[in-house]
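Visitor: Next up, structure19.cif (mmCIF, C-alpha atoms).
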data_target
loop_
_atom_site.label_atom_id
_atom_site.label_comp_id
_atom_site.auth_asym_id
_atom_site.auth_seq_id
_atom_site.Cartn_x
_atom_site.Cartn_y
_atom_site.Cartn_z
CA MET U 831 24.13 27.93 5.75
CA VAL U 832 21.23 27.42 8.11
CA LYS U 833 18.55 29.95 7.30
CA THR U 834 15.14 28.46 7.89
CA VAL U 835 13.53 26.77 10.86
CA PHE U 836 12.07 23.29 10.35
CA SER U 837 8.84 21.96 11.81
CA SER U 838 7.09 18.70 11.01
CA GLU U 839 3.69 19.74 12.35
CA ARG U 840 0.74 19.36 9.96
CA LEU U 841 -1.67 22.23 10.56
CA ASP U 842 -4.01 20.99 7.84
CA PRO U 843 -4.68 17.26 8.09
CA TYR U 844 -5.02 17.07 4.32
CA SER U 845 -1.68 18.60 3.44
CA PRO U 846 2.04 18.47 4.13
CA PRO U 847 3.20 21.70 5.80
CA VAL U 848 3.20 24.57 3.30
CA GLU U 849 6.89 25.17 4.09
CA HIS U 850 7.77 21.64 2.95
CA LEU U 851 5.97 22.15 -0.36
CA GLN U 852 7.87 25.42 -0.77
CA LEU U 853 11.15 23.60 -0.15
CA GLN U 854 10.26 21.10 -2.85
CA ALA U 855 9.70 23.91 -5.31
CA GLU U 856 12.63 26.14 -4.33
CA ARG U 857 15.26 24.19 -2.35
CA PRO U 858 14.82 20.48 -2.97
CA VAL U 859 17.82 19.65 -0.77
CA ALA U 860 17.91 22.12 2.11
CA HIS U 861 19.84 22.58 5.34
CA LEU U 862 17.64 23.87 8.15
CA GLU U 863 17.64 24.56 11.84
CA TRP U 864 15.51 22.04 13.76
CA PRO U 865 14.54 23.49 17.15
CA GLY U 866 15.33 21.05 19.97
CA ARG U 867 17.09 18.66 17.56
CA GLY U 868 19.92 20.74 16.11
CA GLU U 869 19.94 20.72 12.30
CA VAL U 870 18.36 18.71 9.53
CA TRP U 871 18.92 18.22 5.79
CA THR U 872 15.56 17.87 4.10
CA VAL U 873 14.99 16.03 0.84
CA THR U 874 11.61 16.61 -0.80
CA LYS U 875 11.62 15.60 -4.48
CA HIS U 876 10.15 12.15 -5.13
CA GLU U 877 13.20 11.02 -7.11
CA ASP U 878 15.59 12.17 -4.39
CA VAL U 879 13.59 10.66 -1.53
CA ARG U 880 13.80 7.31 -3.30
CA ALA U 881 17.54 7.78 -3.92
CA VAL U 882 18.15 8.52 -0.23
CA LEU U 883 16.06 5.61 1.04
CA VAL U 884 17.70 3.12 -1.31
CA ASP U 885 21.24 4.19 -0.28
CA THR U 886 22.25 2.59 3.02
CA ARG U 887 25.06 5.08 3.49
CA PHE U 888 22.07 7.00 4.81
CA SER U 889 22.00 4.85 7.89
CA SER U 890 19.13 3.51 10.00
CA ASP U 891 21.37 2.45 12.89
CA ARG U 892 19.69 3.95 15.95
CA GLU U 893 22.47 2.74 18.25
CA ASP U 894 24.63 5.45 16.75
CA PRO U 895 24.28 8.45 19.08
CA ARG U 896 24.32 10.76 16.04
CA HIS U 897 21.19 9.11 14.59
CA PRO U 898 18.13 11.40 14.81
CA ALA U 899 16.04 8.60 16.36
CA HIS U 900 18.71 7.70 18.91
CA GLN U 901 16.97 9.49 21.74
CA ALA U 902 14.05 7.07 21.39
CA TYR U 903 16.38 4.11 21.36
CA ASN U 904 16.39 1.97 24.48
CA PRO U 905 18.81 -0.96 24.50
CA ASN U 906 16.55 -2.69 27.03
CA THR U 907 13.56 -2.79 24.72
CA HIS U 908 15.16 -3.00 21.29
CA HIS U 909 16.79 -6.28 20.41
CA GLY U 910 18.19 -5.25 17.07
CA GLN U 911 14.86 -4.74 15.41
CA LEU U 912 14.72 -4.47 11.63
CA ILE U 913 13.85 -0.78 11.47
CA GLU U 914 17.00 0.25 13.31
CA LEU U 915 19.54 -1.94 11.58
CA ASP U 916 21.90 -1.49 8.64
CA PRO U 917 23.36 -4.12 6.34
CA PRO U 918 24.63 -6.76 6.76
CA THR U 919 22.61 -7.63 9.90
CA HIS U 920 19.47 -6.07 8.47
CA THR U 921 19.78 -8.01 5.24
CA THR U 922 20.01 -11.36 7.03
CA LEU U 923 17.10 -10.70 9.39
CA ARG U 924 14.89 -9.26 6.67
CA GLY U 925 15.69 -12.18 4.39
CA ARG U 926 14.63 -14.56 7.12
CA ILE U 927 11.20 -12.98 7.63
CA MET U 928 10.43 -12.25 3.96
CA SER U 929 8.63 -15.52 3.35
CA GLU U 930 5.89 -14.61 5.87
CA PHE U 931 4.74 -11.64 3.81
CA THR U 932 4.65 -12.94 0.24
CA VAL U 933 1.78 -12.10 -2.09
CA LYS U 934 0.40 -15.65 -1.70
CA LYS U 935 0.64 -15.60 2.10
CA ILE U 936 -1.23 -12.32 2.23
CA ALA U 937 -3.92 -13.54 -0.15
CA ALA U 938 -4.43 -16.53 2.18
CA LEU U 939 -4.99 -14.08 5.03
CA ARG U 940 -8.04 -12.48 3.40
CA PRO U 941 -10.73 -14.73 4.96
CA LYS U 942 -9.31 -14.05 8.41
CA VAL U 943 -9.24 -10.27 7.83
CA GLU U 944 -12.84 -10.40 6.57
CA GLN U 945 -13.83 -12.27 9.71
CA VAL U 946 -12.14 -9.72 11.97
CA VAL U 947 -13.74 -6.77 10.16
CA THR U 948 -17.19 -8.40 10.09
CA ARG U 949 -17.11 -8.99 13.82
CA ALA U 950 -15.86 -5.50 14.58
CA ILE U 951 -18.72 -3.97 12.59
CA ASP U 952 -21.22 -6.39 14.21
CA GLU U 953 -20.05 -5.20 17.63
CA LEU U 954 -20.17 -1.58 16.58
CA LEU U 955 -23.78 -1.97 15.40
CA ALA U 956 -24.68 -3.72 18.63
CA ILE U 957 -23.52 -0.93 20.95
CA GLY U 958 -25.81 1.77 19.59
CA ASP U 959 -25.78 4.36 16.83
CA GLU U 960 -22.78 6.52 17.61
CA GLY U 961 -19.24 6.27 18.96
CA ASP U 962 -15.53 6.72 18.28
CA LEU U 963 -14.51 4.94 15.07
CA VAL U 964 -10.87 4.84 16.20
CA GLU U 965 -11.76 2.85 19.30
CA LEU U 966 -14.47 0.74 17.68
CA LEU U 967 -12.93 -0.15 14.33
CA ALA U 968 -9.60 1.44 13.46
CA LEU U 969 -7.66 0.07 16.44
CA PRO U 970 -9.23 -3.39 16.90
CA VAL U 971 -8.94 -4.58 13.27
CA PRO U 972 -5.13 -4.42 12.92
CA SER U 973 -4.64 -5.55 16.52
CA LEU U 974 -6.69 -8.69 15.93
CA VAL U 975 -5.02 -9.40 12.58
CA ILE U 976 -1.62 -9.29 14.26
CA ALA U 977 -2.92 -11.40 17.13
CA ASP U 978 -3.87 -13.95 14.49
CA LEU U 979 -0.45 -13.80 12.80
CA LEU U 980 1.21 -14.40 16.16
CA ASN U 981 -1.31 -17.14 17.00
CA VAL U 982 -2.49 -15.39 20.15
CA PRO U 983 -5.26 -17.61 21.59
CA GLU U 984 -8.75 -16.17 21.25
CA SER U 985 -9.13 -16.10 25.04
CA ASP U 986 -6.24 -13.63 25.21
CA HIS U 987 -7.55 -11.29 22.52
CA GLY U 988 -9.27 -9.02 25.03
CA PHE U 989 -6.05 -8.64 27.03
CA PHE U 990 -4.10 -8.08 23.82
CA GLN U 991 -6.47 -5.44 22.48
CA ASP U 992 -6.89 -3.69 25.79
CA HIS U 993 -3.17 -3.16 26.26
CA THR U 994 -2.24 -2.41 22.65
CA SER U 995 -4.88 0.30 22.52
CA LYS U 996 -2.92 2.08 25.24
CA PHE U 997 0.33 2.23 23.25
CA SER U 998 -0.75 5.36 21.47
CA GLY U 999 -4.01 6.50 22.98
CA GLU U 1000 -4.57 9.48 25.24
CA VAL U 1001 -3.36 7.73 28.38
CA THR U 1002 -0.76 8.64 31.00
CA GLN U 1003 2.88 7.75 30.38
CA ALA U 1004 2.69 5.36 33.35
CA GLU U 1005 -0.29 3.53 31.81
CA ARG U 1006 1.50 3.37 28.47
CA ILE U 1007 4.65 1.87 29.99
CA GLU U 1008 2.55 -0.59 31.99
CA SER U 1009 0.83 -1.77 28.82
CA ILE U 1010 4.05 -1.99 26.82
CA THR U 1011 5.61 -4.07 29.60
CA ALA U 1012 2.54 -6.30 29.82
CA ILE U 1013 2.56 -6.98 26.08
CA ARG U 1014 6.32 -7.55 25.90
CA GLY U 1015 5.99 -10.04 28.76
CA TYR U 1016 3.10 -11.70 27.01
CA ILE U 1017 5.02 -12.06 23.74
CA ALA U 1018 8.01 -13.45 25.66
CA ARG U 1019 5.71 -16.08 27.19
CA LEU U 1020 4.29 -16.89 23.74
CA VAL U 1021 7.81 -17.36 22.38
CA ASP U 1022 8.76 -19.60 25.29
CA GLU U 1023 5.65 -21.68 24.61
CA ARG U 1024 6.72 -22.03 20.96
CA ILE U 1025 10.22 -23.00 21.99
CA ALA U 1026 8.73 -25.77 24.12
CA THR U 1027 6.04 -26.76 21.61
CA PRO U 1028 6.62 -25.53 18.04
CA GLY U 1029 3.46 -24.60 16.15
CA ASP U 1030 2.43 -23.40 12.70
CA ASP U 1031 2.97 -19.67 13.08
CA ILE U 1032 5.48 -16.88 12.42
CA LEU U 1033 7.20 -17.14 15.80
CA SER U 1034 7.75 -20.91 15.52
CA ARG U 1035 9.03 -20.61 11.97
CA GLN U 1036 11.48 -17.89 12.91
CA LEU U 1037 12.84 -20.01 15.75
CA ALA U 1038 13.19 -22.95 13.35
CA ALA U 1039 15.05 -20.68 10.89
CA GLY U 1040 17.67 -19.93 13.51
CA ALA U 1041 16.49 -16.71 15.16
CA SER U 1042 17.34 -16.43 18.86
CA ARG U 1043 14.72 -16.14 21.60
CA ASP U 1044 15.45 -12.43 21.97
CA GLU U 1045 15.31 -11.84 18.22
CA VAL U 1046 11.91 -13.52 17.96
CA ILE U 1047 10.51 -11.59 20.91
CA GLY U 1048 11.81 -8.42 19.29
CA LEU U 1049 10.24 -9.40 15.99
CA GLY U 1050 6.86 -10.18 17.57
CA PHE U 1051 6.89 -6.84 19.31
CA LEU U 1052 8.03 -4.97 16.17
CA LEU U 1053 5.23 -6.51 14.09
CA LEU U 1054 2.81 -5.25 16.67
CA ILE U 1055 4.28 -1.76 16.98
CA ALA U 1056 4.76 -1.35 13.25
CA GLY U 1057 1.47 -2.88 12.19
CA HIS U 1058 -1.03 -1.62 14.69
CA GLU U 1059 -1.20 2.10 15.16
CA THR U 1060 -0.02 2.81 11.63
CA THR U 1061 -2.84 0.85 10.05
CA ALA U 1062 -5.31 2.17 12.62
CA ASN U 1063 -4.38 5.76 11.73
CA GLN U 1064 -4.71 5.11 8.02
CA ILE U 1065 -8.10 3.42 8.47
CA ALA U 1066 -9.33 6.42 10.45
CA LEU U 1067 -7.98 8.99 7.98
CA SER U 1068 -9.41 7.10 4.99
CA ILE U 1069 -12.89 6.99 6.50
CA LEU U 1070 -12.61 10.59 7.66
CA THR U 1071 -11.84 11.64 4.08
CA LEU U 1072 -14.77 9.73 2.59
CA LEU U 1073 -17.19 11.16 5.16
CA ASP U 1074 -15.84 14.68 4.75
CA ARG U 1075 -15.94 14.49 0.93
CA PRO U 1076 -19.17 12.65 0.11
CA GLN U 1077 -18.54 12.73 -3.64
CA LEU U 1078 -15.58 10.39 -3.07
CA LEU U 1079 -17.72 8.05 -0.99
CA GLU U 1080 -20.37 8.08 -3.70
CA GLN U 1081 -17.76 7.19 -6.28
CA LEU U 1082 -16.81 4.09 -4.32
CA ARG U 1083 -20.44 3.17 -3.60
CA ALA U 1084 -21.19 3.35 -7.31
CA ASP U 1085 -18.11 1.31 -8.22
CA PRO U 1086 -16.61 -0.74 -5.37
CA SER U 1087 -13.99 -2.14 -7.74
CA LEU U 1088 -12.25 1.23 -7.27
CA VAL U 1089 -11.56 0.51 -3.59
CA PRO U 1090 -8.00 -0.87 -4.06
CA ASN U 1091 -7.12 2.23 -6.11
CA ALA U 1092 -8.71 4.43 -3.47
CA VAL U 1093 -6.64 2.74 -0.76
CA GLU U 1094 -3.48 3.45 -2.76
CA GLU U 1095 -4.40 7.09 -3.44
CA LEU U 1096 -5.25 7.70 0.23
CA LEU U 1097 -1.95 6.13 1.27
CA ARG U 1098 -0.21 8.61 -1.03
CA TYR U 1099 -2.33 11.48 0.27
CA PHE U 1100 -1.60 11.06 3.96
CA THR U 1101 1.81 9.31 4.15
CA ILE U 1102 1.35 8.90 7.86
CA ALA U 1103 4.70 7.28 8.71
CA GLU U 1104 6.92 10.03 7.37
CA SER U 1105 9.27 9.79 10.35
CA GLY U 1106 10.38 6.48 8.87
CA GLY U 1107 12.48 8.57 6.48
CA LEU U 1108 14.92 9.84 9.13
CA ARG U 1109 18.53 8.85 8.44
CA LEU U 1110 22.11 9.56 9.45
CA ALA U 1111 24.62 10.29 6.65
CA LEU U 1112 27.64 8.05 7.12
CA ALA U 1113 29.68 9.88 4.48
CA ASP U 1114 29.61 13.05 2.38
CA ILE U 1115 26.92 12.21 -0.18
CA GLU U 1116 25.76 14.30 -3.12
CA VAL U 1117 22.02 14.60 -3.79
CA ARG U 1118 20.86 16.76 -6.72
CA GLY U 1119 24.20 18.56 -6.80
CA VAL U 1120 24.19 19.33 -3.06
CA THR U 1121 26.69 17.62 -0.77
CA ILE U 1122 25.14 16.36 2.45
CA PRO U 1123 28.00 16.05 4.95
CA GLU U 1124 28.96 13.02 6.99
CA GLY U 1125 27.16 13.04 10.36
CA ALA U 1126 24.17 14.95 9.03
CA THR U 1127 20.62 14.22 10.12
CA VAL U 1128 18.66 13.70 6.93
CA TRP U 1129 14.89 13.56 6.55
CA ALA U 1130 13.55 12.10 3.32
CA LEU U 1131 10.15 13.79 3.50
CA ALA U 1132 7.93 11.18 1.90
CA ASN U 1133 4.67 13.06 2.46
CA THR U 1134 5.90 15.98 0.34
CA ALA U 1135 7.52 13.62 -2.16
CA ASN U 1136 4.07 12.11 -2.66
CA ARG U 1137 2.85 15.55 -3.77
CA ASP U 1138 5.60 16.02 -6.35
CA PRO U 1139 3.80 17.49 -9.38
CA GLU U 1140 6.39 15.96 -11.71
CA VAL U 1141 5.25 12.51 -10.61
CA PHE U 1142 1.60 13.11 -9.62
CA PRO U 1143 0.03 15.84 -11.79
CA ASP U 1144 -2.42 18.00 -9.81
CA PRO U 1145 -0.95 16.35 -6.71
CA HIS U 1146 -3.31 17.88 -4.13
CA ALA U 1147 -6.36 16.38 -5.78
CA ILE U 1148 -7.61 13.04 -4.50
CA ASP U 1149 -8.10 11.02 -7.66
CA PHE U 1150 -8.99 7.36 -7.38
CA THR U 1151 -8.26 6.78 -11.07
CA ARG U 1152 -4.78 8.29 -11.26
CA GLY U 1153 -2.71 5.15 -10.62
CA SER U 1154 -0.78 5.93 -7.45
CA ARG U 1155 1.34 2.79 -7.12
CA ASN U 1156 4.69 4.55 -7.22
CA HIS U 1157 4.04 6.54 -4.06
CA VAL U 1158 6.49 6.30 -1.17
CA ALA U 1159 4.01 6.12 1.71
CA PHE U 1160 5.51 2.76 2.65
CA GLY U 1161 9.00 4.10 2.13
CA PHE U 1162 11.52 2.74 -0.36
CA GLY U 1163 14.76 0.78 -0.34
CA PRO U 1164 15.59 -2.16 1.93
CA HIS U 1165 13.45 -0.87 4.81
CA GLN U 1166 10.26 -0.48 2.78
CA CYS U 1167 7.41 -1.55 5.02
CA LEU U 1168 7.48 -5.30 5.53
CA GLY U 1169 3.77 -5.40 6.27
CA GLN U 1170 2.62 -3.16 3.42
CA ASN U 1171 0.55 -5.85 1.74
CA VAL U 1172 -1.14 -6.77 5.02
CA ALA U 1173 -1.94 -3.09 5.53
CA ARG U 1174 -3.39 -2.85 2.02
CA LEU U 1175 -5.53 -5.93 2.60
CA GLU U 1176 -6.91 -4.57 5.86
CA LEU U 1177 -7.65 -1.18 4.32
CA VAL U 1178 -9.43 -2.69 1.32
CA VAL U 1179 -11.60 -4.98 3.44
CA VAL U 1180 -12.45 -2.26 5.97
CA LEU U 1181 -13.47 0.24 3.28
CA GLU U 1182 -15.48 -2.35 1.35
CA GLU U 1183 -17.37 -3.48 4.45
CA VAL U 1184 -17.92 0.01 5.87
CA ILE U 1185 -19.35 1.18 2.53
CA ARG U 1186 -21.53 -1.90 2.29
CA ARG U 1187 -22.81 -2.17 5.88
CA LEU U 1188 -22.86 1.41 7.20
CA PRO U 1189 -24.75 3.38 4.52
CA ASN U 1190 -25.65 6.17 6.97
CA LEU U 1191 -22.19 6.60 8.47
CA ARG U 1192 -21.46 10.27 9.07
CA LEU U 1193 -19.18 12.51 11.09
CA ALA U 1194 -20.65 13.47 14.48
CA VAL U 1195 -18.40 16.54 14.80
CA PRO U 1196 -16.95 19.02 12.31
CA VAL U 1197 -13.48 18.12 11.03
CA SER U 1198 -12.17 21.33 12.59
CA GLU U 1199 -12.87 19.86 16.04
CA LEU U 1200 -10.72 16.79 15.49
CA THR U 1201 -7.27 16.66 17.03
CA PHE U 1202 -4.34 14.87 15.45
CA LYS U 1203 -1.20 13.10 16.64
CA GLN U 1204 1.83 15.05 15.52
CA ILE U 1205 4.58 12.84 16.92
CA GLY U 1206 5.26 9.45 15.39
CA ASN U 1207 2.56 8.44 12.96
CA PHE U 1208 -0.05 10.95 11.86
CA GLY U 1209 -3.70 10.29 12.57
CA PRO U 1210 -6.73 11.49 14.55
CA HIS U 1211 -6.93 10.84 18.28
CA LYS U 1212 -10.65 10.13 17.97
CA LEU U 1213 -13.16 10.04 15.14
CA PRO U 1214 -16.67 10.59 16.51
CA VAL U 1215 -19.18 9.18 14.07
CA ALA U 1216 -22.83 8.17 13.94
CA TRP U 1217 -24.43 5.42 11.86
CA MET A 926 13.19 -3.93 -31.13
CA THR A 927 11.92 -5.23 -27.87
CA ALA A 928 13.20 -6.11 -24.40
CA ARG A 929 13.09 -8.82 -21.80
CA VAL A 930 13.03 -8.55 -18.02
CA VAL A 931 15.99 -9.44 -15.82
CA ALA A 932 15.71 -9.78 -12.04
CA ARG A 933 18.58 -9.69 -9.57
CA ARG A 934 17.63 -12.12 -6.82
CA ALA A 935 20.55 -11.16 -4.60
CA THR A 936 19.15 -7.70 -3.87
CA CYS A 937 15.43 -8.64 -3.85
CA ILE A 938 13.65 -7.96 -0.55
CA GLY A 939 10.51 -9.90 -1.41
CA ALA A 940 8.16 -6.91 -1.32
CA GLY A 941 6.08 -8.42 -4.11
CA GLN A 942 5.26 -5.06 -5.69
CA CYS A 943 6.40 -6.33 -9.08
CA VAL A 944 3.82 -9.11 -8.86
CA PHE A 945 1.03 -6.58 -8.34
CA ALA A 946 2.29 -4.33 -11.14
CA ALA A 947 2.85 -7.09 -13.71
CA PRO A 948 1.40 -10.41 -12.57
CA ASP A 949 1.96 -12.01 -15.98
CA ILE A 950 5.68 -11.35 -15.78
CA PHE A 951 6.58 -11.71 -12.08
CA ASP A 952 5.83 -14.11 -9.27
CA GLN A 953 7.31 -14.92 -5.88
CA ASP A 954 8.61 -18.27 -4.70
CA ASP A 955 7.73 -19.56 -1.23
CA GLU A 956 10.76 -17.86 0.28
CA GLY A 957 9.65 -14.53 -1.17
CA TRP A 958 12.28 -14.16 -3.89
CA VAL A 959 11.24 -12.75 -7.25
CA LEU A 960 10.58 -15.16 -10.09
CA VAL A 961 10.46 -13.99 -13.69
CA VAL A 962 7.74 -16.16 -15.17
CA ASN A 963 7.88 -14.49 -18.56
CA ASP A 964 11.42 -13.84 -19.72
CA GLU A 965 10.45 -13.75 -23.39
CA PRO A 966 10.75 -10.56 -25.40
CA LEU A 967 7.77 -8.45 -24.32
CA ALA A 968 4.93 -7.01 -26.37
CA ALA A 969 4.12 -3.32 -26.03
CA ALA A 970 1.42 -3.64 -23.37
CA GLU A 971 3.56 -6.02 -21.33
CA LEU A 972 6.48 -3.60 -21.61
CA ALA A 973 4.42 -0.86 -19.99
CA ALA A 974 3.59 -3.11 -17.02
CA ALA A 975 7.22 -4.24 -16.79
CA LYS A 976 8.42 -0.64 -16.71
CA GLN A 977 5.99 0.13 -13.90
CA ALA A 978 7.32 -2.83 -11.94
CA ILE A 979 10.90 -1.68 -12.49
CA GLN A 980 9.98 1.81 -11.27
CA ILE A 981 8.34 0.63 -8.05
CA CYS A 982 10.74 -2.16 -7.09
CA PRO A 983 12.06 -0.92 -3.72
CA SER A 984 15.45 -2.56 -4.07
CA ARG A 985 15.97 -1.65 -7.74
CA SER A 986 16.48 -5.32 -8.56
CA LEU A 987 14.70 -5.27 -11.93
CA SER A 988 15.84 -4.12 -15.33
CA LEU A 989 15.10 -4.44 -19.01
CA VAL A 990 17.61 -5.83 -21.44
CA GLU A 991 16.99 -4.65 -24.98
CA GLU A 992 17.26 -6.93 -27.96
#
Write out the structure in this file as structure tokens.
Guide:
Amino acid sequence: MVKTVFSSERLDPYSPPVEHLQLQAERPVAHLEWPGRGEVWTVTKHEDVRAVLVDTRFSSDREDPRHPAHQAYNPNTHHGQLIELDPPTHTTLRGRIMSEFTVKKIAALRPKVEQVVTRAIDELLAIGDEGDLVELLALPVPSLVIADLLNVPESDHGFFQDHTSKFSGEVTQAERIESITAIRGYIARLVDERIATPGDDILSRQLAAGASRDEVIGLGFLLLIAGHETTANQIALSILTLLDRPQLLEQLRADPSLVPNAVEELLRYFTIAESGGLRLALADIEVRGVTIPEGATVWALANTANRDPEVFPDPHAIDFTRGSRNHVAFGFGPHQCLGQNVARLELVVVLEEVIRRLPNLRLAVPVSELTFKQIGNFGPHKLPVAW
Amino acid sequence: MTARVVARRATCIGAGQCVFAAPDIFDQDDEGWVLVVNDEPLAAAELAAAKQAIQICPSRSLSLVEE
């Protein structure tokens, strides 16, 4: 029975759509009409979102024409990338890349992240006393961290940053495609260089572990796509929140040891990559007593799950002391974000350094004037600030 | 009546969240697989951290075995 119309648009940047919260309270597993996309089964309770994401009968295979993300799938640009694979292929590929993102590996990355953030803030201070924080800080930091992971030579960083900033910015489709093509070509050249002369980097190690040339190019590109705009959006939203709610900023100034907790709580609060929870049901599957039929488009709505009052009391309050580790902002199950610990590291270092070095940072426009991306990952287009 | 942690390596995806939740109980080897560094019966405070790790493990590879 399809009674209600679904929309994923966030009218209030600080909240999931009111309708989604209502679904969580009244119809935790619901079948809705999705204008332009047909129908969708929404899952909104925290427990159920985790159950769906851990169960690979809710498939991620975007090659399947029934999959909700199939229309974005392009066999020319996707070489079986992790996010669109099911077991057993997914399991093998993920297992092969796991070692690059261990706790120890990430800890060893800290000095490099600090260096990147320090330089970005130095450059920001050098250009004047106001500008767009997205362009000046939020986009360059993750782009340069990934450039480092891929061992992109310093001389190519400008090229790398210039083009990657056009993947999601307010540019024409033609410019976007040109930049995507340029970066894909660049990564292909990098991989060919590593095939000829192996080095000490992710791409070389993947080749040595048996990945094909195409797989490694796909991986390099996926790391970039998955780790750039997502982190940039979260950096921007985190800083926006602190500037808009000065008592939270004061709390962190007074006790910087709270920053890792703040990062976690803000991840929970915004859950920017909610579209990662789209799945295709490969069988009739029961969730909370409701049977979701085979062939159904299912959306595990992680943003709303992260406001489940049974898991996070007073869920709409931002509380840096609540202990938010069991949020699902990075997803759950076998596809849980591979780069989550890199993202956390970047967010911690950025917030620590911004608090320390930009004591007069403030919004240059009212929050109501900001515009937000509503397709793909959530975040502001620009964040005009002054320092 | 206490419990000890058991980890199922075969389903581990190397997310490392257990290490953050309970660093005295879990570690990761160089490949990324979970290592249980404390498989002794756990004291009360350790149990709480272990339960948190079990809750947040994305592949549900961790469990407690009571003794």
Visitor: Would you give me, as number ranges by chain, the residues of chain U that come within 10 Å of chain A, using only C-alpha atoms?
Guide: U: 880, 883-885, 921, 924-935, 1155-1158, 1160-1171
Visitor: Decode the PyMOL selection byres ((chain U and resi 1126) around 6) for the given file into explicit residues and return them as a PyMOL selection string.
Guide: chain U and resi 1110-1111+1123-1125+1127
Visitor: Rank nothing, just name the residue among U:Ile1102, U:Leu1177, U:Val873, U:Ala1194 nearest to Asn1207 in chain U, using only C-alpha atoms.
Guide: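 Comparing U:Ile1102, U:Leu1177, U:Val873, U:Ala1194 against Asn1207 in chain U, the winner is U:Ile1102.
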Visitor: Starting from the displayed file, determine the output of the PyMOL selection byres ((chain U and resi 1120) around 12) and express the residue list as number ranges by chain.
Guide: U: 857-861, 871-873, 878, 1114-1119, 1121-1123
Visitor: Skip Phe1100 in chain U itself and residues of its chain fewer than 5 positions away, then list as a ChimeraX atom specification all residues within 9 Å of it, counting only C-alpha atoms.
Guide: /U:843-846,1064,1067-1068,1095,1133,1136,1159,1208-1209
Visitor: The selected residues should be written to file as a PDB file, keeping the file's coordinate frame (atoms: C-alpha atoms).
Guide:
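So again.pdb came out as:
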ATOM      1  CA  PRO U 843      -4.680  17.260   8.090  1.00  0.00           C
ATOM      2  CA  TYR U 844      -5.020  17.070   4.320  1.00  0.00           C
ATOM      3  CA  SER U 845      -1.680  18.600   3.440  1.00  0.00           C
ATOM      4  CA  PRO U 846       2.040  18.470   4.130  1.00  0.00           C
ATOM      5  CA  GLN U1064      -4.710   5.110   8.020  1.00  0.00           C
ATOM      6  CA  LEU U1067      -7.980   8.990   7.980  1.00  0.00           C
ATOM      7  CA  SER U1068      -9.410   7.100   4.990  1.00  0.00           C
ATOM      8  CA  GLU U1095      -4.400   7.090  -3.440  1.00  0.00           C
ATOM      9  CA  ASN U1133       4.670  13.060   2.460  1.00  0.00           C
ATOM     10  CA  ASN U1136       4.070  12.110  -2.660  1.00  0.00           C
ATOM     11  CA  ALA U1159       4.010   6.120   1.710  1.00  0.00           C
ATOM     12  CA  PHE U1208      -0.050  10.950  11.860  1.00  0.00           C
ATOM     13  CA  GLY U1209      -3.700  10.290  12.570  1.00  0.00           C
TER      14      GLY U1209
END
Visitor: Run through the PyMOL selection byres ((chain U and resi 969-983) around 8) on the given coordinates and return the selected residues as an mmCIF file with C-alpha atoms, in the coordinates of the input.
Guide:
data_model
loop_
_atom_site.group_PDB
_atom_site.id
_atom_site.type_symbol
_atom_site.label_atom_id
_atom_site.label_comp_id
_atom_site.auth_asym_id
_atom_site.auth_seq_id
_atom_site.Cartn_x
_atom_site.Cartn_y
_atom_site.Cartn_z
ATOM 1 C CA LYS U 942 -9.310 -14.050 8.410
ATOM 2 C CA VAL U 943 -9.240 -10.270 7.830
ATOM 3 C CA VAL U 946 -12.140 -9.720 11.970
ATOM 4 C CA VAL U 947 -13.740 -6.770 10.160
ATOM 5 C CA ALA U 950 -15.860 -5.500 14.580
ATOM 6 C CA VAL U 964 -10.870 4.840 16.200
ATOM 7 C CA GLU U 965 -11.760 2.850 19.300
ATOM 8 C CA LEU U 966 -14.470 0.740 17.680
ATOM 9 C CA LEU U 967 -12.930 -0.150 14.330
ATOM 10 C CA ALA U 968 -9.600 1.440 13.460
ATOM 11 C CA GLU U 984 -8.750 -16.170 21.250
ATOM 12 C CA SER U 985 -9.130 -16.100 25.040
ATOM 13 C CA ASP U 986 -6.240 -13.630 25.210
ATOM 14 C CA HIS U 987 -7.550 -11.290 22.520
ATOM 15 C CA PHE U 990 -4.100 -8.080 23.820
ATOM 16 C CA GLN U 991 -6.470 -5.440 22.480
ATOM 17 C CA THR U 994 -2.240 -2.410 22.650
ATOM 18 C CA SER U 995 -4.880 0.300 22.520
ATOM 19 C CA LEU U 1020 4.290 -16.890 23.740
ATOM 20 C CA ASP U 1031 2.970 -19.670 13.080
ATOM 21 C CA ILE U 1032 5.480 -16.880 12.420
ATOM 22 C CA LEU U 1033 7.200 -17.140 15.800
ATOM 23 C CA GLY U 1050 6.860 -10.180 17.570
ATOM 24 C CA LEU U 1053 5.230 -6.510 14.090
ATOM 25 C CA LEU U 1054 2.810 -5.250 16.670
ATOM 26 C CA GLY U 1057 1.470 -2.880 12.190
ATOM 27 C CA HIS U 1058 -1.030 -1.620 14.690
ATOM 28 C CA GLU U 1059 -1.200 2.100 15.160
ATOM 29 C CA THR U 1061 -2.840 0.850 10.050
ATOM 30 C CA ALA U 1062 -5.310 2.170 12.620
ATOM 31 C CA GLU U 1176 -6.910 -4.570 5.860
#
